[in-house]
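Q: Right, I'll just put the structure down here and ask away after.
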Amino acid sequence: MPLWQRLAPAGLALTLLALWQLSSLHGLPQYLLSPFEIIKAFVAALAGREIYEHAAASLLRALPGFFLGCLAGILLGLAAGIARGFDEMLSPLVFLTYPVPKIVMLPLFMIWFGIGDLSKVLIIALACFYPCFINAYYGARATPRILVWSARNMGANDAEIFRRVVLPAALPLVFAGLRVALALSFIMMFATEMINARSGLGNLIREAENGLRFDLMYVSLLAIAILGYAGDRLLRISRRHFLPWEAGG
């Protein structure tokens with residue numbers, strides 16, 4: 001890839017930030033801070049403990065939900081993709097409930113599992129389950145049949161075919177599902193903390209809004225963006241490790 005193409009996204013972002021900063025010279029509404037003010041507030045927040053405590057509380061909800069939902073989605077999606085019985089049993093239910101916004105289930109989860117973190121973790125897991133299931137399902141079903149037949153003709157059993165043929169063929173879509181699920185885990189984390197929580201970045205934004213602390217709102221949003229971006233980069237690095245035959249990631 002040419003150097004200018006690699007630098008283009010950063011150049012576009014810097015240009016937009018520069019225009020935003022220049023517009024602040026003519027005055028901005030109180031609720032719209034300039035990039036310099038946001039960075040200054042973020043650096044000041046890093047010197048204290050509050051932002052770290054709320055970030056840790058958010059991650060303790062988002063990450064367990066992400067791992068539980070993705071693990072269940074990938075395992076069941078692969079099973080439905082290779083076994084007709086699982087497909088007929090699971091796929092209709094999954095595709096029927098997939099369009100339902102998962103956040104609407106939060107009141108039920110709070111009744112069933114309490115108003116603590118367990119209900120938040122489980123609703124995040126539910127949101128992460130669907131993209132992982134669907135991508136793993138279609139990844140397994142997209143395995144070229146000629147590869148399966150060739151492996152079987154060479155004496156491979158079902159377990160070997162799954163491990164050496166089906167799983168490698170499904171991994172690109174599995175990782176695509178993981179990236180979607182990661183974004184959903186942060187979205188659901190934010191939504192659940194805005195509704196009912198006493199800690200976390202979402203709760204911090206709600207408290208900042210009530211106190212008209214717009215600087216703290218932007219600091220919290222920036223923290224969520226940084227954590228989400230870091231998680232996505234880790235997934236892309238993992239993808240290159242598990243899919244070394246692919247040039248991109």
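Residues are referred to by chain and number: the chain letter is A, B, ... according to the order shown in the structure tokens, the number counts from 1 in that chain, and ligands are numbered separately from 1 in the order shown.
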Counting only C-alpha atoms, give me one row per residue of segment 115-148 of chain A with an atom at most 10 Å from an atom of segment 195-201 of chain A, showing the shortest contact pair and its distance in Å to one decimal, sorted by chain then residue number, as CSV.
A:
```
residue,atom,partner,partner_atom,distance
A:Ile115,CA,A:Asn196,CA,7.6
A:Gly116,CA,A:Ala197,CA,8.0
A:Asp117,CA,A:Ala197,CA,8.4
A:Lys120,CA,A:Asn196,CA,9.3
```
Q: Next, write the just-selected residues to a file, as an mmCIF file, in the first residue's frame, keeping N, CA and C atoms as the atom set.
A:
```
data_model
loop_
_atom_site.group_PDB
_atom_site.id
_atom_site.type_symbol
_atom_site.label_atom_id
_atom_site.label_comp_id
_atom_site.auth_asym_id
_atom_site.auth_seq_id
_atom_site.Cartn_x
_atom_site.Cartn_y
_atom_site.Cartn_z
ATOM 1 N N ILE A 115 -30.556 -6.394 39.929
ATOM 2 C CA ILE A 115 -30.160 -5.114 39.334
ATOM 3 C C ILE A 115 -28.650 -4.903 39.372
ATOM 4 N N GLY A 116 -27.912 -5.908 39.826
ATOM 5 C CA GLY A 116 -26.461 -5.791 39.908
ATOM 6 C C GLY A 116 -25.790 -6.021 38.565
ATOM 7 N N ASP A 117 -24.499 -6.340 38.630
ATOM 8 C CA ASP A 117 -23.707 -6.478 37.410
ATOM 9 C C ASP A 117 -24.057 -7.724 36.609
ATOM 10 N N LYS A 120 -26.290 -7.018 33.739
ATOM 11 C CA LYS A 120 -25.596 -6.231 32.718
ATOM 12 C C LYS A 120 -24.661 -7.112 31.893
#
```
Q: Which residues come within 12 Å of Glu246 of chain A, counting only C-alpha atoms, excluding same-chain residues fewer than 3 positions away, as number ranges by chain?
A: A: 168-169, 171-172, 236, 239-243, 249
Q: Can I get the residues of segment 14-125 of chain A within 12 Å of segment 220-225 of chain A, each with the closest pair of atoms and their distance in Å to one decimal, using only C-alpha atoms, sorted chain first then ascending number, as CSV?
A:
```
residue,atom,partner,partner_atom,distance
A:Pro35,CA,A:Leu222,CA,11.0
A:Ile38,CA,A:Leu222,CA,8.7
A:Ile39,CA,A:Leu222,CA,9.2
A:Ala41,CA,A:Ser220,CA,10.3
A:Phe42,CA,A:Leu222,CA,8.0
A:Val43,CA,A:Ala223,CA,11.1
A:Ala45,CA,A:Ser220,CA,9.5
A:Leu46,CA,A:Ala223,CA,10.1
A:Glu50,CA,A:Ser220,CA,10.6
A:Ile51,CA,A:Ser220,CA,7.6
A:Tyr52,CA,A:Ala223,CA,9.4
A:Glu53,CA,A:Ser220,CA,11.8
A:His54,CA,A:Ser220,CA,9.0
A:Ala55,CA,A:Ala223,CA,7.6
A:Ala56,CA,A:Ala223,CA,11.1
A:Ser58,CA,A:Ile224,CA,9.1
A:Leu59,CA,A:Ile224,CA,9.8
A:Ala62,CA,A:Ile224,CA,11.2
```
Q: Tell me, counting only C-alpha atoms, for each residue of segment 67-159 of chain A within 9 Å of segment 183-189 of chain A, which pair of atoms is nearest and how far apart they are in Å to one decimal, in rows ordered by chain and increasing number, as a tab-separated table.
A:
```
residue	atom	partner	partner_atom	distance
A:Lys102	CA	A:Met188	CA	8.5
A:Ile103	CA	A:Met188	CA	7.1
A:Lys120	CA	A:Met189	CA	7.3
A:Val121	CA	A:Met189	CA	8.2
A:Ile123	CA	A:Met188	CA	7.6
A:Ile124	CA	A:Ser185	CA	5.5
A:Ala125	CA	A:Ser185	CA	7.6
A:Ala127	CA	A:Leu184	CA	6.6
A:Cys128	CA	A:Ser185	CA	6.4
```
Q: Write a file of the just-selected residues containing N, CA and C atoms, as a short mmCIF file (atom, residue, chain, number, x, y, z; two decimals), in the first residue's frame.
A:
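Saved to result.cif:
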```
data_model
loop_
_atom_site.label_atom_id
_atom_site.label_comp_id
_atom_site.auth_asym_id
_atom_site.auth_seq_id
_atom_site.Cartn_x
_atom_site.Cartn_y
_atom_site.Cartn_z
N LYS A 102 -31.65 -5.74 21.72
CA LYS A 102 -31.34 -6.50 22.94
C LYS A 102 -31.51 -5.66 24.20
N ILE A 103 -31.41 -4.34 24.08
CA ILE A 103 -31.53 -3.49 25.25
C ILE A 103 -32.93 -3.55 25.84
N LYS A 120 -26.29 -7.02 33.74
CA LYS A 120 -25.60 -6.23 32.72
C LYS A 120 -24.66 -7.11 31.89
N VAL A 121 -23.93 -8.00 32.57
CA VAL A 121 -23.01 -8.90 31.86
C VAL A 121 -23.80 -9.80 30.92
N ILE A 123 -26.81 -9.31 29.52
CA ILE A 123 -27.41 -8.62 28.38
C ILE A 123 -26.34 -8.27 27.36
N ILE A 124 -25.12 -7.98 27.82
CA ILE A 124 -23.99 -7.76 26.90
C ILE A 124 -23.66 -9.05 26.18
N ALA A 125 -23.66 -10.17 26.91
CA ALA A 125 -23.40 -11.47 26.29
C ALA A 125 -24.45 -11.80 25.24
N ALA A 127 -26.15 -9.68 23.41
CA ALA A 127 -25.91 -8.85 22.24
C ALA A 127 -24.73 -9.37 21.42
N CYS A 128 -23.70 -9.89 22.09
CA CYS A 128 -22.51 -10.39 21.39
C CYS A 128 -22.76 -11.75 20.76
#
```
